[in-house]
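Novice: Pasting model_10.tsv below, which is TSV, C-alpha atoms.
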chain	number	residue	atom	x	y	z
A	5	MET	CA	-6.79	14.01	7.44
A	6	ILE	CA	-6.62	10.83	9.52
A	7	GLU	CA	-5.88	11.00	13.24
A	8	LEU	CA	-4.79	8.31	15.66
A	9	ARG	CA	-5.08	9.38	19.28
A	10	SER	CA	-3.20	7.30	21.83
A	11	VAL	CA	-4.01	4.03	20.05
A	12	THR	CA	-3.04	0.76	21.74
A	13	LYS	CA	-3.46	-2.75	20.31
A	14	THR	CA	-2.43	-5.90	22.17
A	15	TYR	CA	-2.18	-9.56	21.25
A	16	GLY	CA	-1.86	-12.19	23.95
A	17	GLY	CA	-1.31	-9.52	26.58
A	18	ALA	CA	1.61	-7.89	24.74
A	19	ALA	CA	1.17	-4.45	23.17
A	20	CYS	CA	2.26	-4.36	19.53
A	21	ILE	CA	1.13	-0.74	19.30
A	22	HIS	CA	1.28	1.34	22.46
A	23	LYS	CA	-0.33	4.78	22.82
A	24	LEU	CA	0.47	5.78	19.23
A	25	SER	CA	-0.66	9.24	18.19
A	26	LEU	CA	-0.31	10.14	14.54
A	27	THR	CA	-1.82	12.51	12.01
A	28	LEU	CA	-1.77	11.61	8.30
A	29	GLU	CA	-2.18	14.81	6.33
A	30	PRO	CA	-3.11	15.13	2.66
A	31	GLY	CA	-0.02	15.14	0.46
A	32	GLY	CA	2.15	13.50	3.12
A	33	LEU	CA	4.33	10.43	2.63
A	34	TYR	CA	4.64	8.41	5.87
A	35	CYS	CA	6.39	5.14	6.71
A	36	VAL	CA	6.00	2.61	9.48
A	37	THR	CA	8.91	0.26	10.05
A	38	GLY	CA	10.05	-2.35	12.53
A	39	PRO	CA	10.94	-6.02	12.75
A	40	SER	CA	8.56	-8.75	11.63
A	41	GLY	CA	5.67	-9.04	14.06
A	42	SER	CA	6.09	-5.51	15.42
A	43	GLY	CA	2.64	-4.33	14.31
A	44	LYS	CA	3.19	-2.69	10.89
A	45	THR	CA	0.37	-4.59	9.19
A	46	THR	CA	-1.78	-4.29	12.31
A	47	LEU	CA	-1.46	-0.50	12.15
A	48	LEU	CA	-2.71	-0.48	8.55
A	49	ARG	CA	-5.59	-2.82	9.47
A	50	LEU	CA	-6.55	-0.54	12.37
A	51	ILE	CA	-6.69	2.51	10.11
A	52	MET	CA	-8.82	0.62	7.56
A	53	GLY	CA	-11.19	-0.45	10.32
A	54	LEU	CA	-10.47	-4.16	9.83
A	55	GLU	CA	-9.39	-4.35	13.48
A	56	LYS	CA	-10.40	-2.32	16.52
A	57	PRO	CA	-7.92	-0.75	18.94
A	58	ASP	CA	-7.98	-1.87	22.57
A	59	SER	CA	-7.89	1.79	23.54
A	60	GLY	CA	-7.54	5.15	21.89
A	61	GLU	CA	-9.36	6.63	18.94
A	62	ILE	CA	-8.97	6.54	15.15
A	63	ILE	CA	-10.68	9.32	13.22
A	64	THR	CA	-10.74	8.79	9.46
A	65	ASN	CA	-12.92	11.81	8.56
A	66	GLY	CA	-14.63	9.89	5.75
A	67	ALA	CA	-11.35	8.88	4.08
A	68	ASP	CA	-11.49	6.38	1.26
A	69	PHE	CA	-8.57	3.99	0.92
A	70	GLY	CA	-6.43	2.53	-1.82
A	71	VAL	CA	-4.94	-0.59	-0.26
A	72	MET	CA	-2.03	-2.84	-1.15
A	73	PHE	CA	-1.96	-5.89	1.08
A	74	GLN	CA	1.12	-7.88	2.02
A	75	GLU	CA	-0.19	-10.67	-0.22
A	76	ASP	CA	-0.75	-9.75	-3.86
A	77	ARG	CA	-4.31	-11.18	-3.95
A	78	LEU	CA	-4.35	-11.52	-7.72
A	79	LEU	CA	-6.47	-13.85	-9.84
A	80	GLU	CA	-3.86	-16.38	-11.03
A	81	GLY	CA	-5.47	-17.40	-14.34
A	82	PHE	CA	-6.10	-13.85	-15.54
A	83	ASP	CA	-3.64	-11.39	-17.03
A	84	ALA	CA	-2.74	-8.05	-15.46
A	85	ALA	CA	-5.41	-6.01	-17.30
A	86	ASP	CA	-8.18	-8.43	-16.38
A	87	ASN	CA	-7.03	-8.38	-12.76
A	88	LEU	CA	-7.45	-4.59	-12.74
A	89	ARG	CA	-10.70	-4.68	-14.67
A	90	LEU	CA	-12.34	-7.28	-12.45
A	91	ALA	CA	-11.08	-5.94	-9.12
A	92	LEU	CA	-11.83	-2.29	-9.83
A	93	GLY	CA	-14.88	-2.48	-12.03
A	94	ILE	CA	-13.14	-0.94	-15.05
A	95	LYS	CA	-15.46	-1.81	-17.95
A	96	SER	CA	-12.97	-1.53	-20.80
A	97	ARG	CA	-10.06	-3.97	-21.06
A	98	PRO	CA	-8.00	-1.46	-23.13
A	99	ALA	CA	-8.55	1.19	-20.42
A	100	ALA	CA	-7.31	-1.22	-17.75
A	101	ARG	CA	-4.34	-2.24	-19.90
A	102	ARG	CA	-3.29	1.42	-20.36
A	103	GLU	CA	-2.67	1.69	-16.60
A	104	LEU	CA	0.08	-0.95	-16.55
A	105	PRO	CA	3.04	-0.16	-18.89
A	106	GLU	CA	4.57	2.39	-16.54
A	107	LEU	CA	5.44	-0.41	-14.10
A	108	LEU	CA	5.09	-3.64	-16.08
A	109	GLU	CA	7.08	-4.76	-19.12
A	110	GLU	CA	5.20	-5.09	-22.42
A	111	ASP	CA	5.90	-8.82	-22.73
A	112	ALA	CA	4.29	-9.46	-19.33
A	113	LEU	CA	1.01	-7.66	-20.00
A	114	ASP	CA	-0.84	-10.56	-21.62
A	115	LYS	CA	0.48	-13.46	-19.54
A	116	PRO	CA	-1.58	-14.99	-16.74
A	117	VAL	CA	-0.29	-13.46	-13.50
A	118	GLY	CA	0.38	-16.96	-12.16
A	119	LYS	CA	3.24	-17.18	-14.69
A	120	LEU	CA	4.85	-13.86	-13.72
A	121	SER	CA	7.69	-13.22	-11.28
A	122	GLY	CA	7.01	-12.09	-7.74
A	123	GLY	CA	8.23	-8.59	-8.57
A	124	GLN	CA	5.93	-8.32	-11.59
A	125	ARG	CA	3.00	-9.51	-9.50
A	126	ARG	CA	3.86	-6.95	-6.82
A	127	ARG	CA	3.83	-4.13	-9.38
A	128	ILE	CA	0.38	-5.21	-10.65
A	129	ALA	CA	-0.90	-5.16	-7.07
A	130	LEU	CA	0.55	-1.66	-6.65
A	131	VAL	CA	-1.17	-0.37	-9.80
A	132	ARG	CA	-4.45	-1.91	-8.59
A	133	ALA	CA	-4.11	-0.04	-5.26
A	134	MET	CA	-3.18	3.29	-6.83
A	135	VAL	CA	-5.21	3.54	-10.05
A	136	LEU	CA	-8.43	4.85	-8.49
A	137	ARG	CA	-8.25	8.28	-6.87
A	138	ARG	CA	-8.37	7.93	-3.06
A	139	SER	CA	-7.76	10.29	-0.15
A	140	CYS	CA	-5.40	7.84	1.57
A	141	TYR	CA	-3.22	4.96	0.36
A	142	LEU	CA	-2.13	2.19	2.73
A	143	LEU	CA	0.66	0.15	1.18
A	144	ASP	CA	2.04	-2.94	2.92
A	145	GLU	CA	5.57	-3.75	1.67
A	146	PRO	CA	5.10	-2.18	-1.81
A	147	PHE	CA	8.76	-2.80	-2.75
A	148	ALA	CA	8.96	-6.46	-1.68
A	149	GLY	CA	10.59	-8.53	-4.41
A	150	LEU	CA	11.61	-5.50	-6.49
A	151	ASP	CA	15.16	-4.73	-7.56
A	152	ALA	CA	16.51	-1.24	-6.89
A	153	GLU	CA	15.53	0.14	-10.32
A	154	SER	CA	11.98	-1.26	-10.15
A	155	ALA	CA	11.58	0.01	-6.57
A	156	ALA	CA	12.67	3.51	-7.62
A	157	ARG	CA	10.15	3.47	-10.51
A	158	ALA	CA	7.45	2.21	-8.14
A	159	LEU	CA	8.18	5.01	-5.65
A	160	GLU	CA	7.93	7.66	-8.37
A	161	TYR	CA	4.66	6.08	-9.52
A	162	ILE	CA	3.31	6.23	-5.94
A	163	ARG	CA	4.29	9.90	-5.63
A	164	ARG	CA	2.67	10.81	-8.94
A	165	MET	CA	-0.54	8.86	-8.44
A	166	ALA	CA	-1.03	9.93	-4.81
A	167	ARG	CA	-0.38	13.63	-5.30
A	168	GLY	CA	-2.50	15.44	-2.71
A	169	SER	CA	-3.38	12.25	-0.80
A	170	ALA	CA	-1.85	10.78	2.34
A	171	VAL	CA	0.32	7.68	1.86
A	172	LEU	CA	1.32	5.33	4.67
A	173	MET	CA	3.74	2.57	3.68
A	174	ALA	CA	4.84	-0.34	5.86
A	175	LEU	CA	8.49	-0.83	4.91
A	176	HIS	CA	11.74	-2.37	6.03
A	177	GLU	CA	14.20	0.24	7.30
A	178	LYS	CA	16.43	-0.09	4.20
A	179	ASP	CA	13.51	0.79	1.89
A	180	ILE	CA	12.50	4.10	3.52
A	181	PRO	CA	12.74	7.02	1.07
A	182	ALA	CA	14.75	10.05	2.19
A	183	ASP	CA	11.87	12.52	1.83
A	184	VAL	CA	9.20	10.96	4.04
A	185	ARG	CA	7.31	13.33	6.32
A	186	ARG	CA	7.43	11.01	9.34
A	187	VAL	CA	8.78	7.54	10.14
A	188	ILE	CA	6.99	5.53	12.81
A	189	ARG	CA	9.31	2.88	14.28
A	190	LEU	CA	7.65	-0.06	16.01
A	191	ASN	CA	9.88	-2.37	17.98
A	192	ASN	CA	7.87	-5.21	19.61
A	193	GLN	CA	8.10	-3.53	23.02
Would you encode the structure as structure tokens?

Specialist:
Amino acid sequence: MIELRSVTKTYGGAACIHKLSLTLEPGGLYCVTGPSGSGKTTLLRLIMGLEKPDSGEIITNGADFGVMFQEDRLLEGFDAADNLRLALGIKSRPAARRELPELLEEDALDKPVGKLSGGQRRRIALVRAMVLRRSCYLLDEPFAGLDAESAARALEYIRRMARGSAVLMALHEKDIPADVRRVIRLNNQ
């Protein structure tokens, strides 16, 4: 369980997150939404410990995180399996490759990721975030660049891979699944 207790974060004197209290429980699917610049990514960075709140408390209780950043952060000259293998320390290339076909087309598996579409790259980044068992997954715009069918497959993949773990996704309002446990709406105020 991860707890945020009255967390505030400001930039340039303006609060992007103001006295936010939130509990992320195991098995829960949570979403944070709001306009660009409202603090969605900042909230994820605070939970990961990459930024410190101005006030309030974040208790992670020893959580380990699977993280999908807003940028894909892939190695351009390597294919999808090698990106997983190198980033996650998977020793076997065939083992890394087996993780991908659920979200990536067969003909894309052996191409350098620099030659793939934005949606394909996004799905590789999602697999990289989800493939190792973690107690909490923080996913920044996991459906960006995906068509409706690919986004639906990605959501089912997230649900299956994260079973029993907390998931917090930063999403646009239109992408919020119907069955989320809680939606946190940030609004630049």

Novice: From the set A:Met72, A:Ala67, A:Ala85, A:Ala182, which residue has the shortest atom-to-atom contact distance to Arg126 of chain A, counting only C-alpha atoms?

Specialist: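 Answer, going by the shortest atom-to-atom distance: A:Met72.
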
Novice: In Å, rounded to a single decimal, give me how far atom CA of Pro181 of chain A is from atom CA of Cys20 of chain A.

Specialist: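 Result for atom CA of Cys20 of chain A versus atom CA of Pro181 of chain A: 24.1 Å, one decimal.
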
Novice: Using all atoms listed in the file for the distances, tell me which of A:Asn87, A:Ser96, A:Thr46, A:Ser154 is nearest to Ala129 of chain A.

Specialist: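 When distances to Ala129 of chain A are compared using all atoms listed in the file, the smallest one comes from A:Asn87.
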
Novice: Residues within 12 Å of Glu75 of chain A, please, as a list in words. Count all atoms listed in the file; anything in the same chain fewer than 6 positions from it doesn't count.

Specialist: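 Once the adjacent positions are removed, what remains is Thr45, Gly122, Arg125, Arg126, Arg127, Ile128, Ala129, Leu130, Leu143, Asp144, Glu145, Pro146, Ala148 and Gly149 of chain A.
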
Novice: Given only C-alpha atoms as the basis, pick out the residue of A:Gln124, A:Ser40, A:Leu54, A:Arg164 nearest to Ala112 of chain A.

Specialist: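 Under the stated criterion, the closest residue is A:Gln124.
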
Novice: What gap, in Å, lies between atom CA of Ile162 of chain A and atom CA of Asp183 of chain A?

Specialist: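 Separation between atom CA of Ile162 of chain A and atom CA of Asp183 of chain A: 13.2 Å.
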
Novice: Which is closer to Leu50 of chain A than all the others in A:Leu113, A:Leu24, A:Val187, A:Ala152, using all atoms listed in the file?

Specialist: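 Residue with the minimum atom-to-atom distance to Leu50 of chain A: A:Leu24.
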
Novice: Any idea what the distance is between atom CA of Arg101 of chain A and atom CA of Ser169 of chain A?

Specialist: 24.0 Å

Novice: With segment 26-35 of chain A as the partner and 10 Å as the cut-off, tabulate the residues of segment 47-124 of chain A that qualify, each row holding the nearest pair of atoms and their distance in Å to one decimal, using all atoms listed in the file, sorted by chain and rising number, as CSV.

Specialist:
residue,atom,partner,partner_atom,distance
A:Ile62,CA,A:Leu26,CA,9.4
A:Ile63,CA,A:Thr27,CA,9.5
A:Thr64,CA,A:Leu28,CA,9.5

Novice: With all atoms listed in the file as the counted atoms, please give the residues lying no more than 9 Å from Cys140 of chain A, apart from itself and same-chain residues fewer than 6 positions off, as an mmCIF file with C-alpha atoms, in the coordinates of the input.

Specialist:
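Writing the result to part_39.cif gives the following:
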data_model
loop_
_atom_site.group_PDB
_atom_site.id
_atom_site.type_symbol
_atom_site.label_atom_id
_atom_site.label_comp_id
_atom_site.auth_asym_id
_atom_site.auth_seq_id
_atom_site.Cartn_x
_atom_site.Cartn_y
_atom_site.Cartn_z
ATOM 1 C CA MET A 5 -6.790 14.010 7.440
ATOM 2 C CA ILE A 6 -6.620 10.830 9.520
ATOM 3 C CA LEU A 28 -1.770 11.610 8.300
ATOM 4 C CA PRO A 30 -3.110 15.130 2.660
ATOM 5 C CA ALA A 67 -11.350 8.880 4.080
ATOM 6 C CA ASP A 68 -11.490 6.380 1.260
ATOM 7 C CA PHE A 69 -8.570 3.990 0.920
ATOM 8 C CA GLY A 70 -6.430 2.530 -1.820
ATOM 9 C CA VAL A 71 -4.940 -0.590 -0.260
ATOM 10 C CA ALA A 166 -1.030 9.930 -4.810
ATOM 11 C CA SER A 169 -3.380 12.250 -0.800
ATOM 12 C CA ALA A 170 -1.850 10.780 2.340
ATOM 13 C CA VAL A 171 0.320 7.680 1.860
ATOM 14 C CA LEU A 172 1.320 5.330 4.670
#

Novice: Quick one: everything within 12 Å of Lys115 of chain A, counting all atoms listed in the file, minus sequence neighbours fewer than 2 positions away in the same chain. Send it as a PyMOL selection string.

Specialist: chain A and resi 79-87+108-113+117-121+124-125

Novice: Please list as an MDAnalysis selection string every residue within 7 Å of Val11 of chain A, counting all atoms listed in the file and excluding residues in the same chain fewer than 5 positions away.

Specialist: chainID A and resid 22:25 57 59:61

Novice: Just the selected residues (C-alpha atoms), exported as a CSV table (one decimal), keeping the file's coordinate frame, please.

Specialist:
chain,number,residue,atom,x,y,z
A,22,HIS,CA,1.3,1.3,22.5
A,23,LYS,CA,-0.3,4.8,22.8
A,24,LEU,CA,0.5,5.8,19.2
A,25,SER,CA,-0.7,9.2,18.2
A,57,PRO,CA,-7.9,-0.8,18.9
A,59,SER,CA,-7.9,1.8,23.5
A,60,GLY,CA,-7.5,5.2,21.9
A,61,GLU,CA,-9.4,6.6,18.9

Novice: So, counting all atoms listed in the file, which residue among A:Ile180, A:Arg89, A:Asp58, A:Met134 is closest to Ala156 of chain A?

Specialist: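 Of A:Ile180, A:Arg89, A:Asp58, A:Met134, the one nearest Ala156 of chain A, counting all atoms listed in the file, is A:Ile180.
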
Novice: Which of these residues is nearest to Asp76 of chain A, using only C-alpha atoms: A:Tyr141, A:Phe147, A:Tyr15, A:Tyr161?

Specialist: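 Result for the nearest residue to Asp76 of chain A: A:Phe147.
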
Novice: Enclose segment 142-161 of chain A, meaning all of its atoms listed in the file, in a box aligned along x, y and z, pad it by 3 Å on each side, and list the centre and edge lengths in Å to one decimal, as JSON.

Specialist:
{"center_x": 7.2, "center_y": -0.4, "center_z": -3.8, "size_x": 24.6, "size_y": 22.2, "size_z": 19.4}
